[in-house]
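A.B. asks: Right, I'll just put the structure down here and ask away after.
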Amino acid sequence: MAAIEVRGATKRYGDVTAVSDLDLTVEEGEVYGFLGPNGAGKSTTINMLLDLVRPTAGEVRVLGRDAHEESVAIRELAGVLPEAFDIYDRLTGRQHLEFAVESKESRDDPDAILERVGLTGDGDRRAGDYSKGMRQRLALGMALVGEPELLILDEPSNGLDPNGAREMREIVREENERGATVFFSSHILGQVEAVCDRVGILREGSLVAEDSVEGLRDAVGTESTLTITVDAVDDSTLEDVRALSGVSRAEAEGTTVTVSCEDAAKTQVLGTLEEAGSSVVDFETREASLEDLFLAYTRDEDDDAPDESDGSEEVAT
Amino acid sequence: MSWRAIARKDVQDARRSYWLWGLTVVLSGVLSIVPVLMMIGLIQFSQPQDGPAVTTDFYLGIMLEILVFLVPIVAIVLAYASITDERDSGSLKLLLSLPHSRLDVVEGKTVGRWVVVTVAILIAFVVAAVALLATPLEFALGNYVGFALLTAVLGLAFVGLSVGFSAAADTSRQAMIGTVTMFVLFSLVWGRFVDGLRSLLANNTGLGPETLVPLDLFVRILNPTQAYRTLALSLFSGDPLAARVSLVGGGGLQGQFTRMGFAQTLGESVPFYLSDPAVAFVLVFWAVAIPLAGYWVFEDADL
C-alpha cells in the first residue's frame, strides 16, 4: 500500500486549472519532497489529500483510504501542518497542544512536544503573542501529536530562520527513522535536498520531474560553469569559445568570462582563450547544482525542461 | 464525539474574549437599571396596602420587551463569525488538520456558543436578582427562573441561526448580512407580513376565520422572537390562549377588537399546534435545524 496515491487528479476553479491530471505516488516509509514555485498547485494538491478541497476529477487515496469518504480516519493516522493557517490568538501554546492531544485521543505530553519543537518556556503564553516562526513550530508540534504514520507538511519552513529550518529537517529525519512517511512541500530546493529520498517537481499543476535526489543530479549532466578572469577579451574570441563542442553558453562582462560547458571541454575553453590573446588570470569551476535544474524546470520564460540526453540545453544559473 | 473537544476549545477561547464580557456587562446593566433606579429612589414605588402584592413578574414584563430585541443581537454578535472567522484567518485549516469532520465543527461551534450565550444571559439575571432583592418588589422566584431559562433558549435559537449562517457563508461579511437580515425580518417585518398574508387569504379565498385565525397565529409563532414573547406571557399569566392572541393587532381600540375576535374564534383553548410545548418546539427547532442546514452547505465547500 502506498502512503499517498493520486490518480489523474484535476482541480479547476472556474476557468483556472490549479492541478491538472496529476499522478503521484508516495511509498510508505519514504521522505518525499514536493517542489514547485508558488502557485504551481502544491497547496491545492495537499488540500485535496486533506479533503479541504474536492478534486474536479480523479482519485485521491491516503493510507489506503479514500480522501473524501474516509477523511477523518486519515487524519487520525496523519499529522498535518497546513499552509496559510492561523493559530487561536487567545489560547496558549499548551492549550493548542492539549486540544490536539484530545482530538487525536493520544497520551502525548504537551510539555514534551513543546520541548521537541523548541518552545520550552513559551507554553503558557498566548499564542497570539508568538512570532511567525513560533506559530510554525507550534503547528508542527500539533502535527507530531500521536506518533502519526504519515506527516503531511505544507511549506514547513515558512517563517523559520535558517536555524529553525534546520531543526525542522532534523525532526523530519527523526520521524522518518521512527517509521513515519513524510510528504512535504517547499518552493525552496535547498530545504528538501538534504532530507528527501525522492523529489517531485510540480509546475502549473503537473509533475514535470520525479526522481531521487541522485537521479536528478545525474539529470543535470556534466555541465559546469566556468568563471574565468582574463586581462582582456573581445567578441570574436567569445565566438570562438561558443563554437567549441560541448559549450552551451559564453558571456563576458568586463574581464570576467562565464562559460557553461561539459566538464571535458574545460581545457579547450581555456586554451582557446589563451590562443586568442586573452591571458587567464584566474578561473573557477562550479558544478551545476540541483538549484539550477529546479530553476530550469520551473522558470516561466523557458517552456522546455532540460533534457539530459542533450548537453547543449541551456541551464539557467 | 469529537464535537465535544471543539466545543470545549471554543468556550476556552471565548472566556478570554472582550466581546463576551462586554456583552455580559451590557445585559447585566440593562436588566439592573429598573431595580437600581428603584433602590436609589428615582422610581418611587411601594407595595399597595390592599390587594395582592406587586411581584417581580411586573418587572419581567417590562424586560421582556427589551430582551426580545437585545438577546437576538447579543447572540448574533457572539456567533455570526463563529466559523467564517476561522475560515478567513486560516485557523479552520489547523482545526481540520486534526481528525474532526465538518459536522463535528458545526456541532462543536454551535454547542460552544450556546454555552457562551447561556452564561452571559444567566449571569445578567443573577446580577439583576441581587439588585431586585433590595427593592420593595416581591420576588417571585419560580417565574424569575423560568423567564431566565426561557430567555436563554431565545439566545440558543439565535446562536443556532447565526452558526448556521456562519457555516453556509464564505466570509464573515456574508454571514453578518445574512443574520442581520433575519433579525430585521423577525423583529420588524414578520408581523406585517402575517397581517398581509391573512388579509390576502381572506380577500381572495373562501377561507373563514376558523381557518385563518389559527393559521395566522401559527405563522406568527414560527418567528422565534414572537415564540419567546408568547411563551413568556403564558408563563406570567398561565393562560396560553391570551398569550397567543396577544401577538396580534396593534395598540388602540382596533387592536383590541382584533384580539377579541381571535379569542372568540379560538373558543376555550388553543389547538395543539399553538400550545406551549409546540411554541417551545419552534424555538428549539431554530436552535438546532439552522446549524444543520448550514452544515449541509459547509460540507460541500472548498475551504
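Ordering of the C-alpha cells sets the chain letters (A, B, ...), residue numbers begin anew at 1 in every chain, and ligands are numbered from 1 in the order given.
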Can you check which residues of chain B have any atom within 10 Å of chain A? Use only C-alpha atoms and format it as an NGL selection string.

C.D. replies: :B and (1-6 or 8-10 or 12-17 or 86-102 or 299-303)

A.B. asks: Skip Trp21 of chain B itself and residues of its chain fewer than 4 positions away, then list as a list in words all residues within 12 Å of it, counting only C-alpha atoms.

C.D. replies: Ala14, Arg15, Arg16, Ser17, Val25, Val26, Leu27, Ser28, Val74, Leu78, Val116, Val117, Val119, Ala120, Ile121, Ile123 and Ala124 of chain B

A.B. asks: Would you write out those residues with N, CA, C and O atoms, as a short mmCIF file (atom, residue, chain, number, x, y, z; two decimals), in the first residue's frame?

C.D. replies:
```cif
data_model
loop_
_atom_site.label_atom_id
_atom_site.label_comp_id
_atom_site.auth_asym_id
_atom_site.auth_seq_id
_atom_site.Cartn_x
_atom_site.Cartn_y
_atom_site.Cartn_z
N ALA B 14 -13.46 31.68 24.11
CA ALA B 14 -14.40 32.79 24.37
C ALA B 14 -14.19 33.40 25.75
O ALA B 14 -14.45 34.58 25.96
N ARG B 15 -13.70 32.58 26.69
CA ARG B 15 -13.51 33.09 28.04
C ARG B 15 -12.58 34.29 28.07
O ARG B 15 -12.61 35.11 28.98
N ARG B 16 -11.69 34.36 27.07
CA ARG B 16 -10.76 35.48 27.03
C ARG B 16 -11.17 36.53 26.02
O ARG B 16 -10.38 37.36 25.61
N SER B 17 -12.45 36.45 25.59
CA SER B 17 -12.91 37.40 24.58
C SER B 17 -13.55 38.61 25.24
O SER B 17 -14.41 38.48 26.11
N VAL B 25 -21.76 42.46 30.51
CA VAL B 25 -21.91 43.69 31.28
C VAL B 25 -23.11 44.49 30.76
O VAL B 25 -23.93 44.99 31.55
N VAL B 26 -23.26 44.58 29.43
CA VAL B 26 -24.39 45.31 28.86
C VAL B 26 -25.70 44.67 29.29
O VAL B 26 -26.62 45.36 29.78
N LEU B 27 -25.79 43.35 29.16
CA LEU B 27 -27.02 42.65 29.56
C LEU B 27 -27.32 42.86 31.05
O LEU B 27 -28.45 43.14 31.43
N SER B 28 -26.29 42.72 31.86
CA SER B 28 -26.47 42.90 33.31
C SER B 28 -26.93 44.31 33.60
O SER B 28 -27.83 44.54 34.43
N VAL B 74 -27.32 40.16 20.88
CA VAL B 74 -26.18 39.60 21.62
C VAL B 74 -25.78 38.25 21.02
O VAL B 74 -24.60 37.99 20.76
N LEU B 78 -22.25 37.29 19.15
CA LEU B 78 -21.37 36.24 19.70
C LEU B 78 -21.16 35.07 18.72
O LEU B 78 -20.22 34.32 18.89
N VAL B 116 -21.74 29.77 25.74
CA VAL B 116 -21.30 31.15 25.95
C VAL B 116 -22.48 32.09 26.13
O VAL B 116 -22.53 32.89 27.08
N VAL B 117 -23.48 31.99 25.25
CA VAL B 117 -24.62 32.92 25.33
C VAL B 117 -25.44 32.63 26.59
O VAL B 117 -25.95 33.54 27.25
N VAL B 119 -24.30 31.47 29.45
CA VAL B 119 -23.55 32.02 30.59
C VAL B 119 -23.78 33.52 30.68
O VAL B 119 -24.07 34.05 31.76
N ALA B 120 -23.69 34.21 29.56
CA ALA B 120 -23.87 35.66 29.56
C ALA B 120 -25.26 36.03 30.08
O ALA B 120 -25.40 36.92 30.93
N ILE B 121 -26.28 35.33 29.60
CA ILE B 121 -27.66 35.65 30.00
C ILE B 121 -27.90 35.32 31.48
O ILE B 121 -28.47 36.13 32.22
N ILE B 123 -25.73 35.06 33.93
CA ILE B 123 -25.01 35.99 34.82
C ILE B 123 -25.82 37.28 34.98
O ILE B 123 -26.00 37.79 36.09
N ALA B 124 -26.35 37.79 33.85
CA ALA B 124 -27.12 39.03 33.89
C ALA B 124 -28.34 38.87 34.80
O ALA B 124 -28.69 39.79 35.56
#
```

A.B. asks: Which polymer residues have any atom within 9 Å of an atom of Asp240 of chain A, counting only C-alpha atoms, with same-chain residues fewer than 4 positions away left out, as a ChimeraX atom specification?

C.D. replies: /A:235-236,244,272-273,276

A.B. asks: Would you please work out which residue, of B:Leu185, B:Ala242, B:Leu67, B:Val105, is nearest to Phe147 of chain B when using only C-alpha atoms?

C.D. replies: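 Among the listed residues, the smallest separation from Phe147 of chain B belongs to B:Leu67.
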
A.B. asks: I'd like the interatomic distance between atom CA of Ala79 of chain B and atom CA of Leu64 of chain B, to a tenth of an Å.

C.D. replies: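 Spanning atom CA of Ala79 of chain B to atom CA of Leu64 of chain B is a straight-line distance of 22.0 Å.
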
A.B. asks: Which residues are near Leu189 of chain A? Cut-off 9 Å, only C-alpha atoms, ignore same chain within fewer than 2 positions. Put them as a list in words.

C.D. replies: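 Counting only the stated atoms, we get Gly33, Leu35, Gly36, Ser186, His187, Gln191, Val192, Glu193, Leu290, Glu291 and Phe294 of chain A.
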
A.B. asks: If you count only C-alpha atoms, which residues fall within 8 Å of segment 165-176 of chain B, apart from same-chain ones fewer than 4 positions away, as JSON, numbers by chain?

C.D. replies: {"B": [79, 80, 81, 82, 83, 84, 85, 87, 88, 106, 161, 180, 290, 291, 294, 295, 296, 297, 298]}

A.B. asks: For Ala129 of chain B, which residue out of B:Thr225, B:Leu60, B:Arg244, B:Ile66 is the nearest one, using only C-alpha atoms?

C.D. replies: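 Of all the options, B:Leu60 lies closest to Ala129 of chain B.
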
A.B. asks: If we count only C-alpha atoms, what is near Thr135 of chain B at a cut-off of 7 Å, once residues fewer than 2 positions away on the same chain are taken out, given as a list in words?

C.D. replies: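 What passes the distance filter is Pro35, Met38, Met39, Leu132, Leu133 and Leu137 of chain B.
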
A.B. asks: Quick one: residues within 6 Å of Gly112 of chain B, only C-alpha atoms, excluding same-chain residues fewer than 4 positions away - as a PyMOL selection string?

C.D. replies: chain B and resi 7+10-11+108

A.B. asks: For N, CA and C atoms, I'd like the residues from the last selection saved as a JSON list (two decimals), in the first residue's frame.

C.D. replies:
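Everything below was put into part.json:
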```
[["chain", "number", "residue", "atom", "x", "y", "z"],
["B", 7, "ALA", "N", -16.13, 22.11, 21.07],
["B", 7, "ALA", "CA", -16.95, 22.99, 21.91],
["B", 7, "ALA", "C", -16.14, 23.48, 23.11],
["B", 10, "ASP", "N", -13.73, 26.04, 22.07],
["B", 10, "ASP", "CA", -14.42, 27.27, 21.71],
["B", 10, "ASP", "C", -14.77, 28.08, 22.96],
["B", 11, "VAL", "N", -15.21, 27.38, 24.00],
["B", 11, "VAL", "CA", -15.56, 28.07, 25.24],
["B", 11, "VAL", "C", -14.30, 28.63, 25.90],
["B", 108, "GLY", "N", -19.75, 21.37, 17.25],
["B", 108, "GLY", "CA", -18.90, 21.89, 18.32],
["B", 108, "GLY", "C", -19.05, 23.39, 18.48]]
```

A.B. asks: DSSP on the backbone: which residues in segment 1-206 of chain B end up as alpha helix (DSSP H)? Give the answer as a PyMOL selection string.

C.D. replies: chain B and resi 3-14+18-39+56-79+84-89+91-96+102-133+141-168+172-184+190-204

A.B. asks: May I ask for the distance between atom CA of Ile221 of chain B and atom CA of Leu70 of chain B, given in Å to one decimal place?

C.D. replies: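 A separation of 18.6 Å between them.
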
A.B. asks: Please return as an MDAnalysis selection string: the residues of segment 196-259 of chain A that backbone DSSP assigns to strand (DSSP E).

C.D. replies: chainID A and resid 198:203 206:212 223:230 247:253 256:259

A.B. asks: Any chance you could export the current selection's N, CA, C and O atoms as a short mmCIF file (atom, residue, chain, number, x, y, z; two decimals), in the first residue's frame?

C.D. replies:
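The new file again03.cif reads:
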```cif
data_model
loop_
_atom_site.label_atom_id
_atom_site.label_comp_id
_atom_site.auth_asym_id
_atom_site.auth_seq_id
_atom_site.Cartn_x
_atom_site.Cartn_y
_atom_site.Cartn_z
N ARG A 198 13.02 11.05 -2.28
CA ARG A 198 12.59 11.33 -3.64
C ARG A 198 12.03 12.74 -3.70
O ARG A 198 11.53 13.28 -2.72
N VAL A 199 12.09 13.30 -4.89
CA VAL A 199 11.63 14.66 -5.10
C VAL A 199 10.73 14.68 -6.32
O VAL A 199 11.02 14.03 -7.32
N GLY A 200 9.63 15.39 -6.21
CA GLY A 200 8.78 15.62 -7.37
C GLY A 200 8.69 17.11 -7.62
O GLY A 200 8.58 17.87 -6.66
N ILE A 201 8.78 17.50 -8.85
CA ILE A 201 8.70 18.93 -9.15
C ILE A 201 7.39 19.21 -9.88
O ILE A 201 7.10 18.62 -10.92
N LEU A 202 6.61 20.08 -9.29
CA LEU A 202 5.30 20.41 -9.82
C LEU A 202 5.40 21.75 -10.51
O LEU A 202 6.01 22.69 -10.01
N ARG A 203 4.79 21.81 -11.68
CA ARG A 203 4.77 23.09 -12.38
C ARG A 203 3.45 23.24 -13.11
O ARG A 203 3.04 22.35 -13.84
N SER A 206 1.13 20.22 -12.95
CA SER A 206 1.54 18.89 -13.40
C SER A 206 2.94 18.58 -12.88
O SER A 206 3.76 19.47 -12.69
N LEU A 207 3.19 17.29 -12.70
CA LEU A 207 4.50 16.86 -12.27
C LEU A 207 5.43 16.87 -13.48
O LEU A 207 5.19 16.17 -14.46
N VAL A 208 6.49 17.68 -13.44
CA VAL A 208 7.38 17.76 -14.60
C VAL A 208 8.64 16.93 -14.40
O VAL A 208 9.36 16.65 -15.36
N ALA A 209 8.92 16.53 -13.17
CA ALA A 209 10.08 15.68 -12.93
C ALA A 209 9.86 14.96 -11.61
O ALA A 209 9.25 15.49 -10.69
N GLU A 210 10.32 13.74 -11.54
CA GLU A 210 10.21 12.99 -10.30
C GLU A 210 11.35 12.00 -10.27
O GLU A 210 11.51 11.21 -11.20
N ASP A 211 12.16 12.06 -9.23
CA ASP A 211 13.31 11.16 -9.16
C ASP A 211 13.90 11.24 -7.77
O ASP A 211 13.51 12.08 -6.96
N SER A 212 14.88 10.38 -7.52
CA SER A 212 15.66 10.53 -6.30
C SER A 212 16.54 11.76 -6.46
O SER A 212 16.75 12.25 -7.57
N GLU A 223 27.39 19.30 -17.01
CA GLU A 223 27.61 20.72 -17.26
C GLU A 223 28.21 21.41 -16.04
O GLU A 223 27.81 21.16 -14.90
N SER A 224 29.17 22.26 -16.29
CA SER A 224 29.73 23.07 -15.23
C SER A 224 29.72 24.51 -15.68
O SER A 224 29.56 24.81 -16.87
N THR A 225 29.89 25.37 -14.71
CA THR A 225 30.02 26.78 -15.05
C THR A 225 31.45 27.20 -14.74
O THR A 225 31.93 27.02 -13.63
N LEU A 226 32.12 27.73 -15.75
CA LEU A 226 33.49 28.21 -15.60
C LEU A 226 33.43 29.73 -15.48
O LEU A 226 32.81 30.39 -16.31
N THR A 227 34.04 30.23 -14.44
CA THR A 227 34.14 31.69 -14.34
C THR A 227 35.63 32.03 -14.47
O THR A 227 36.44 31.62 -13.64
N ILE A 228 35.98 32.73 -15.54
CA ILE A 228 37.39 32.96 -15.87
C ILE A 228 37.67 34.46 -15.84
O ILE A 228 36.93 35.26 -16.42
N THR A 229 38.72 34.81 -15.11
CA THR A 229 39.15 36.22 -15.14
C THR A 229 40.32 36.33 -16.11
O THR A 229 41.30 35.59 -15.99
N VAL A 230 40.18 37.22 -17.08
CA VAL A 230 41.22 37.39 -18.09
C VAL A 230 41.69 38.85 -18.09
O VAL A 230 41.07 39.69 -17.43
N VAL A 247 30.18 23.36 -25.48
CA VAL A 247 29.95 24.64 -24.82
C VAL A 247 28.54 25.11 -25.16
O VAL A 247 28.14 25.13 -26.32
N SER A 248 27.76 25.45 -24.15
CA SER A 248 26.38 25.87 -24.41
C SER A 248 26.21 27.38 -24.29
O SER A 248 25.26 27.94 -24.78
N ARG A 249 27.17 28.01 -23.63
CA ARG A 249 26.98 29.43 -23.39
C ARG A 249 28.32 30.07 -23.06
O ARG A 249 29.14 29.45 -22.37
N ALA A 250 28.51 31.28 -23.52
CA ALA A 250 29.71 32.03 -23.14
C ALA A 250 29.37 33.51 -23.14
O ALA A 250 28.85 34.02 -24.12
N GLU A 251 29.61 34.14 -22.01
CA GLU A 251 29.30 35.57 -21.89
C GLU A 251 30.49 36.27 -21.25
O GLU A 251 31.24 35.66 -20.49
N ALA A 252 30.64 37.54 -21.57
CA ALA A 252 31.70 38.30 -20.93
C ALA A 252 31.12 39.56 -20.31
O ALA A 252 30.19 40.17 -20.84
N GLU A 253 31.66 39.86 -19.13
CA GLU A 253 31.27 41.12 -18.51
C GLU A 253 32.56 41.74 -18.02
O GLU A 253 33.16 41.26 -17.05
N THR A 256 35.53 39.44 -16.97
CA THR A 256 35.07 38.17 -16.44
C THR A 256 34.27 37.43 -17.50
O THR A 256 33.29 37.95 -18.03
N VAL A 257 34.73 36.23 -17.81
CA VAL A 257 34.05 35.42 -18.82
C VAL A 257 33.35 34.27 -18.10
O VAL A 257 33.94 33.60 -17.26
N THR A 258 32.07 34.08 -18.42
CA THR A 258 31.32 32.98 -17.83
C THR A 258 30.94 32.00 -18.93
O THR A 258 30.35 32.38 -19.94
N VAL A 259 31.33 30.76 -18.75
CA VAL A 259 31.09 29.75 -19.79
C VAL A 259 30.38 28.55 -19.17
O VAL A 259 30.79 28.03 -18.13
#
```
